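A.B. asks: What follows is upload.cif, mmCIF, C-alpha atoms and all ligand atoms.
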data_query
loop_
_atom_site.group_PDB
_atom_site.id
_atom_site.type_symbol
_atom_site.label_atom_id
_atom_site.label_comp_id
_atom_site.auth_asym_id
_atom_site.auth_seq_id
_atom_site.Cartn_x
_atom_site.Cartn_y
_atom_site.Cartn_z
ATOM 1 C CA MET A 1 -23.934 -24.690 -14.633
ATOM 2 C CA TYR A 2 -20.352 -25.862 -13.981
ATOM 3 C CA ILE A 3 -19.152 -23.662 -16.847
ATOM 4 C CA ILE A 4 -20.768 -20.580 -15.313
ATOM 5 C CA ALA A 5 -19.230 -21.340 -11.918
ATOM 6 C CA LEU A 6 -15.846 -21.914 -13.562
ATOM 7 C CA LEU A 7 -16.073 -18.638 -15.512
ATOM 8 C CA ALA A 8 -17.064 -16.780 -12.333
ATOM 9 C CA VAL A 9 -14.063 -18.214 -10.448
ATOM 10 C CA LEU A 10 -11.806 -17.307 -13.388
ATOM 11 C CA ALA A 11 -13.160 -13.736 -13.555
ATOM 12 C CA VAL A 12 -12.706 -13.175 -9.803
ATOM 13 C CA SER A 13 -9.192 -14.652 -9.883
ATOM 14 C CA LEU A 14 -8.243 -12.408 -12.815
ATOM 15 C CA HIS A 15 -9.686 -9.366 -11.055
ATOM 16 C CA MET A 16 -7.616 -10.145 -7.947
ATOM 17 C CA LEU A 17 -4.390 -10.981 -9.774
ATOM 18 C CA TRP A 18 -4.244 -8.808 -12.907
ATOM 19 C CA PRO A 19 -1.766 -6.161 -11.626
ATOM 20 C CA HIS A 20 0.647 -9.029 -10.958
ATOM 21 C CA ILE A 21 -0.081 -10.784 -14.259
ATOM 22 C CA VAL A 22 0.646 -7.618 -16.275
ATOM 23 C CA GLY A 23 3.751 -6.777 -14.192
ATOM 24 C CA LYS A 24 2.426 -3.602 -12.555
ATOM 25 C CA GLY A 25 2.573 -4.699 -8.909
ATOM 26 C CA ALA A 26 1.061 -7.098 -6.405
ATOM 27 C CA GLY A 27 -2.263 -8.814 -6.835
ATOM 28 C CA TYR A 28 -4.868 -8.287 -4.159
ATOM 29 C CA GLY A 29 -4.387 -9.335 -0.557
ATOM 30 C CA ALA A 30 -5.497 -7.593 2.624
ATOM 31 C CA SER A 31 -3.242 -6.217 5.351
ATOM 32 C CA ASN A 32 -3.748 -7.153 8.957
ATOM 33 C CA LEU A 33 -5.402 -4.021 10.342
ATOM 34 C CA ARG A 34 -3.948 -4.548 13.816
ATOM 35 C CA ALA A 35 -0.460 -4.466 12.292
ATOM 36 C CA ALA A 36 -1.249 -1.286 10.328
ATOM 37 C CA LYS A 37 -2.684 0.330 13.483
ATOM 38 C CA TRP A 38 0.418 -0.621 15.466
ATOM 39 C CA ALA A 39 2.631 1.028 12.833
ATOM 40 C CA PHE A 40 0.454 4.145 12.577
ATOM 41 C CA GLU A 41 0.534 4.581 16.354
ATOM 42 C CA HIS A 42 4.279 3.983 16.320
ATOM 43 C CA VAL A 43 5.042 6.663 13.692
ATOM 44 C CA GLY A 44 2.187 9.052 14.624
ATOM 45 C CA ILE A 45 0.062 9.931 11.595
ATOM 46 C CA GLU A 46 -2.325 12.572 12.957
ATOM 47 C CA GLY A 47 -2.283 15.665 10.709
ATOM 48 C CA LYS A 48 0.190 14.004 8.354
ATOM 49 C CA THR A 49 -0.144 13.281 4.641
ATOM 50 C CA LEU A 50 -0.248 9.515 4.205
ATOM 51 C CA TYR A 51 -0.114 7.803 0.815
ATOM 52 C CA GLU A 52 -1.143 4.199 0.460
ATOM 53 C CA LEU A 53 0.331 2.773 -2.747
ATOM 54 C CA GLY A 54 -2.095 0.112 -3.934
ATOM 55 C CA CYS A 55 -4.911 0.928 -1.509
ATOM 56 C CA GLY A 56 -7.106 -2.024 -2.500
ATOM 57 C CA TYR A 57 -10.656 -1.809 -1.165
ATOM 58 C CA GLY A 58 -9.653 0.879 1.345
ATOM 59 C CA SER A 59 -9.596 -0.723 4.785
ATOM 60 C CA VAL A 60 -6.120 0.596 5.676
ATOM 61 C CA LEU A 61 -6.819 3.999 4.095
ATOM 62 C CA ALA A 62 -10.050 4.374 6.085
ATOM 63 C CA LEU A 63 -8.153 3.455 9.255
ATOM 64 C CA ALA A 64 -5.493 6.094 8.502
ATOM 65 C CA TYR A 65 -8.221 8.677 7.929
ATOM 66 C CA LYS A 66 -9.936 7.744 11.215
ATOM 67 C CA MET A 67 -6.587 8.137 12.978
ATOM 68 C CA GLY A 68 -6.357 11.728 11.709
ATOM 69 C CA ALA A 69 -4.181 11.472 8.589
ATOM 70 C CA ARG A 70 -4.765 13.288 5.311
ATOM 71 C CA ALA A 71 -5.224 10.015 3.505
ATOM 72 C CA VAL A 72 -4.367 9.589 -0.174
ATOM 73 C CA GLY A 73 -4.890 6.212 -1.823
ATOM 74 C CA VAL A 74 -3.440 5.187 -5.176
ATOM 75 C CA GLU A 75 -4.988 2.171 -6.893
ATOM 76 C CA ILE A 76 -4.573 0.821 -10.407
ATOM 77 C CA ASP A 77 -7.707 -1.319 -10.381
ATOM 78 C CA PRO A 78 -10.866 0.731 -11.116
ATOM 79 C CA ILE A 79 -13.244 -1.464 -9.102
ATOM 80 C CA ARG A 80 -10.991 -1.412 -6.044
ATOM 81 C CA ALA A 81 -10.453 2.371 -6.421
ATOM 82 C CA LEU A 82 -14.234 2.913 -6.540
ATOM 83 C CA MET A 83 -14.861 0.701 -3.505
ATOM 84 C CA CYS A 84 -12.123 2.541 -1.658
ATOM 85 C CA LYS A 85 -13.729 5.928 -2.384
ATOM 86 C CA LEU A 86 -17.135 4.620 -1.273
ATOM 87 C CA ARG A 87 -15.607 3.267 1.905
ATOM 88 C CA CYS A 88 -13.790 6.510 2.708
ATOM 89 C CA PRO A 89 -15.464 9.465 0.904
ATOM 90 C CA ARG A 90 -13.196 11.994 2.678
ATOM 91 C CA CYS A 91 -10.043 10.246 1.475
ATOM 92 C CA ARG A 92 -8.413 11.261 -1.788
ATOM 93 C CA VAL A 93 -8.372 8.243 -4.076
ATOM 94 C CA LEU A 94 -6.353 8.313 -7.292
ATOM 95 C CA LEU A 95 -7.011 5.755 -10.010
ATOM 96 C CA ALA A 96 -3.410 5.559 -11.199
ATOM 97 C CA ASP A 97 -0.186 3.608 -11.417
ATOM 98 C CA MET A 98 1.713 4.197 -8.153
ATOM 99 C CA PHE A 99 5.002 4.402 -10.082
ATOM 100 C CA LYS A 100 3.702 7.524 -11.840
ATOM 101 C CA ILE A 101 2.504 9.496 -8.791
ATOM 102 C CA PRO A 102 4.915 12.051 -7.299
ATOM 103 C CA LEU A 103 5.463 11.526 -3.575
ATOM 104 C CA ASN A 104 7.320 14.682 -2.602
ATOM 105 C CA ASP A 105 4.520 15.859 -0.245
ATOM 106 C CA ALA A 106 4.193 12.523 1.608
ATOM 107 C CA ASP A 107 4.970 12.268 5.313
ATOM 108 C CA VAL A 108 4.110 8.575 5.495
ATOM 109 C CA VAL A 109 3.832 5.954 2.734
ATOM 110 C CA TYR A 110 2.103 2.618 3.380
ATOM 111 C CA ILE A 111 2.678 -0.382 1.121
ATOM 112 C CA PHE A 112 1.726 -4.023 0.943
ATOM 113 C CA GLN A 113 3.295 -5.224 -2.297
ATOM 114 C CA TYR A 114 5.449 -8.190 -3.350
ATOM 115 C CA PRO A 115 9.241 -8.341 -2.697
ATOM 116 C CA SER A 116 10.151 -7.709 -6.372
ATOM 117 C CA VAL A 117 7.801 -4.693 -6.416
ATOM 118 C CA ASN A 118 9.259 -3.371 -3.137
ATOM 119 C CA ARG A 119 12.719 -3.484 -4.716
ATOM 120 C CA LYS A 120 11.500 -1.309 -7.604
ATOM 121 C CA LEU A 121 9.536 0.982 -5.285
ATOM 122 C CA ALA A 122 12.593 1.536 -3.054
ATOM 123 C CA GLU A 123 14.322 3.382 -5.908
ATOM 124 C CA LYS A 124 11.373 5.747 -6.292
ATOM 125 C CA LEU A 125 10.928 6.216 -2.533
ATOM 126 C CA ASN A 126 14.630 6.965 -1.943
ATOM 127 C CA LYS A 127 14.599 9.446 -4.817
ATOM 128 C CA GLU A 128 11.337 11.311 -4.160
ATOM 129 C CA LEU A 129 10.625 11.261 -0.427
ATOM 130 C CA ARG A 130 11.718 13.990 1.951
ATOM 131 C CA LYS A 131 14.394 12.881 4.420
ATOM 132 C CA ASP A 132 11.949 12.957 7.352
ATOM 133 C CA ALA A 133 9.273 10.849 5.607
ATOM 134 C CA VAL A 134 8.693 7.251 6.678
ATOM 135 C CA VAL A 135 7.637 4.129 4.813
ATOM 136 C CA VAL A 136 5.556 1.389 6.411
ATOM 137 C CA SER A 137 5.644 -1.972 4.647
ATOM 138 C CA TYR A 138 3.351 -4.813 5.598
ATOM 139 C CA TYR A 139 4.492 -8.417 5.313
ATOM 140 C CA TRP A 140 7.603 -7.947 3.151
ATOM 141 C CA GLU A 141 10.785 -6.054 3.920
ATOM 142 C CA VAL A 142 11.980 -3.310 1.589
ATOM 143 C CA PRO A 143 15.577 -3.700 0.411
ATOM 144 C CA ASP A 144 17.846 -0.683 0.130
ATOM 145 C CA MET A 145 16.001 1.538 2.613
ATOM 146 C CA GLN A 146 17.054 2.389 6.160
ATOM 147 C CA LEU A 147 15.172 0.263 8.701
ATOM 148 C CA LEU A 148 13.952 2.299 11.686
ATOM 149 C CA SER A 149 11.781 -0.205 13.484
ATOM 150 C CA LYS A 150 9.958 -3.491 12.978
ATOM 151 C CA ASN A 151 7.477 -5.833 14.563
ATOM 152 C CA ASP A 152 8.443 -9.336 13.423
ATOM 153 C CA LYS A 153 5.395 -10.933 15.005
ATOM 154 C CA MET A 154 3.042 -8.676 13.048
ATOM 155 C CA LYS A 155 5.309 -8.633 9.984
ATOM 156 C CA ILE A 156 5.440 -4.881 9.678
ATOM 157 C CA TYR A 157 8.524 -2.793 8.897
ATOM 158 C CA ILE A 158 9.201 0.937 9.165
ATOM 159 C CA TYR A 159 11.874 2.689 7.094
ATOM 160 C CA LYS A 160 13.270 6.057 6.221
ATOM 161 C CA PRO A 161 14.728 6.916 2.827
ATOM 162 C CA LYS A 162 18.362 6.076 2.294
ATOM 163 C CA SER A 163 20.496 9.078 1.287
ATOM 164 C CA LEU A 164 21.563 8.634 -2.314
HETATM 165 C C1 LIG A 201 -1.581 -6.869 -1.655
HETATM 166 S S1 LIG A 201 -2.826 -5.672 -2.156
HETATM 167 C C2 LIG A 201 -2.809 -4.560 -0.754
HETATM 168 C C3 LIG A 201 -4.129 -3.866 -0.540
HETATM 169 C C4 LIG A 201 -4.131 -2.892 0.638
HETATM 170 N N1 LIG A 201 -3.048 -1.945 0.514
HETATM 171 C C5 LIG A 201 -3.994 -3.605 1.951
HETATM 172 O O1 LIG A 201 -2.884 -3.543 2.507
HETATM 173 O O2 LIG A 201 -4.956 -4.239 2.423
HETATM 174 C C6 LIG A 201 -1.943 -4.754 -3.412
HETATM 175 C C7 LIG A 201 -2.776 -3.718 -4.118
HETATM 176 O O3 LIG A 201 -1.922 -2.950 -4.966
HETATM 177 C C8 LIG A 201 -2.610 -2.666 -6.179
HETATM 178 N N2 LIG A 201 -1.602 -2.370 -7.197
HETATM 179 C C9 LIG A 201 -0.747 -3.243 -7.788
HETATM 180 N N3 LIG A 201 0.071 -2.596 -8.650
HETATM 181 C C10 LIG A 201 -0.276 -1.287 -8.597
HETATM 182 C C11 LIG A 201 0.208 -0.126 -9.253
HETATM 183 N N4 LIG A 201 1.237 -0.196 -10.154
HETATM 184 N N5 LIG A 201 -0.361 1.064 -8.967
HETATM 185 C C12 LIG A 201 -1.388 1.140 -8.073
HETATM 186 N N6 LIG A 201 -1.904 0.071 -7.427
HETATM 187 C C13 LIG A 201 -1.342 -1.136 -7.673
HETATM 188 C C14 LIG A 201 -3.418 -3.934 -6.432
HETATM 189 O O4 LIG A 201 -4.499 -3.704 -7.322
HETATM 190 C C15 LIG A 201 -3.869 -4.285 -5.009
HETATM 191 O O5 LIG A 201 -5.088 -3.669 -4.706
#
Using structure tokens, write down the structure that the file contains.
C.D. replies:
Amino acid sequence: MYIIALLAVLAVSLHMLWPHIVGKGAGYGASNLRAAKWAFEHVGIEGKTLYELGCGYGSVLALAYKMGARAVGVEIDPIRALMCKLRCPRCRVLLADMFKIPLNDADVVYIFQYPSVNRKLAEKLNKELRKDAVVVSYYWEVPDMQLLSKNDKMKIYIYKPKSL
């Protein structure tokens, strides 16, 4: 009995953490939806193409869709990608590595990754995004991008690409 419980805990932990363990990005954690909503209202997402890199189980993506965005989620974990699609059938959900998805048509990019991942992502975002695109990062700041606005209390940061 204890063995089964232990194996179940191990399996769930691995499922949550594997992108981090294999060096692809952050493990699973959920954004504060009030913070995401604050940022989406702040930047205005209606009618815009919004990518969420690492969309998890889809709560932020569904919110973006409800607020009028063309919502595209990218998720490396197949179970999370499936749950995300079920949660928001009208969203586009790509089962893929976010580092391999072109972002040239994005107006807004939403991320909740780890600081080391944000550092790597900044290179891609500065290179691929249009100058008028914005990046919203929950919880962790993004180095090497131009900060436009932030809400320290909610731990949410809004950037534009830095000219290279
Ligand atoms: C901290 S969670 C954030 C989930 C969701 N965005 C939110 O804010 O509630 C990070 C997510 O990124 C996904 N992820 C990690 N590395 C990735 C990669 N290279 N490509 C796509 N998704 C990735 C993880 O599977 C996980 O679902």
A.B. asks: Have a look at atom CA of A:Tyr139 and atom CA of A:Gly25 and let me know their distance in Å, one decimal.
C.D. replies: 14.8 Å
A.B. asks: Distance cut-off 12 Å, centre (-1.1, 5.8, 12.4) in file coordinates, counting all atoms listed in the file: which residues qualify? Return them as a VMD selection string.
C.D. replies: chain A and resid 33 to 51 60 to 71 107 to 110 134 to 136 158
A.B. asks: How many Å separate atom CA of A:Cys91 from atom CA of A:Val142?
C.D. replies: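 Result for atom CA of A:Cys91 versus atom CA of A:Val142: 25.9 Å, one decimal.
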A.B. asks: Spell out the residues picked by the PyMOL selection byres (((not hetatm)) within 6 of (chain A and resi 201)) here, as a list of chain:residue names.
C.D. replies: A:Pro19, A:Lys24, A:Gly25, A:Ala26, A:Gly27, A:Tyr28, A:Gly29, A:Ala30, A:Ser31, A:Leu53, A:Gly54, A:Cys55, A:Gly56, A:Val60, A:Val74, A:Glu75, A:Ile76, A:Asp77, A:Ala96, A:Asp97, A:Met98, A:Phe99, A:Ile111, A:Phe112, A:Gln113
A.B. asks: So how many Å separate atom CA of A:Ala81 and atom CA of A:Asp144, to one decimal?
C.D. replies: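 Taking atom CA of A:Ala81 and atom CA of A:Asp144, their separation equals 29.2 Å.
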A.B. asks: Kindly provide, as AutoDock Vina command-line options, the centre and edge lengths (Å, one decimal) of an axis-aligned box around all atoms of stretch 128-135 of chain A given in the file, with 6 Å on each side.
C.D. replies:
--center_x 11.0 --center_y 9.1 --center_z 1.6 --size_x 18.8 --size_y 21.9 --size_z 23.5
A.B. asks: Can you pull out every residue within 10 Å of A:Lys160, counting all atoms listed in the file, but drop anything in the same chain fewer than 4 positions away, and send it as a ChimeraX atom specification?
C.D. replies: /A:108,125-126,129-136,145-149
A.B. asks: Could you state which residues are captured by the PyMOL selection byres (((chain A and resi 115) around 8) and not hetatm) in this file, as a PyMOL selection string?
C.D. replies: chain A and resi 113-114+116-119+140-142
A.B. asks: Closest to A:Lys155 among A:Glu52, A:Asn32, A:Ile79, A:Lys85, using only C-alpha atoms?
C.D. replies: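 That would be A:Asn32, the residue with the smallest distance to A:Lys155.
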A.B. asks: Counting only C-alpha atoms, figure out which residue out of A:Lys120, A:Lys127, A:His20, A:Arg87 gets nearest to A:Asn104.
C.D. replies: A:Lys127
A.B. asks: Which residue gives the smallest distance to A:Leu82 among A:Val22, A:Leu94, A:Ala5, A:Ala106, with all atoms listed in the file counted?
C.D. replies: A:Leu94
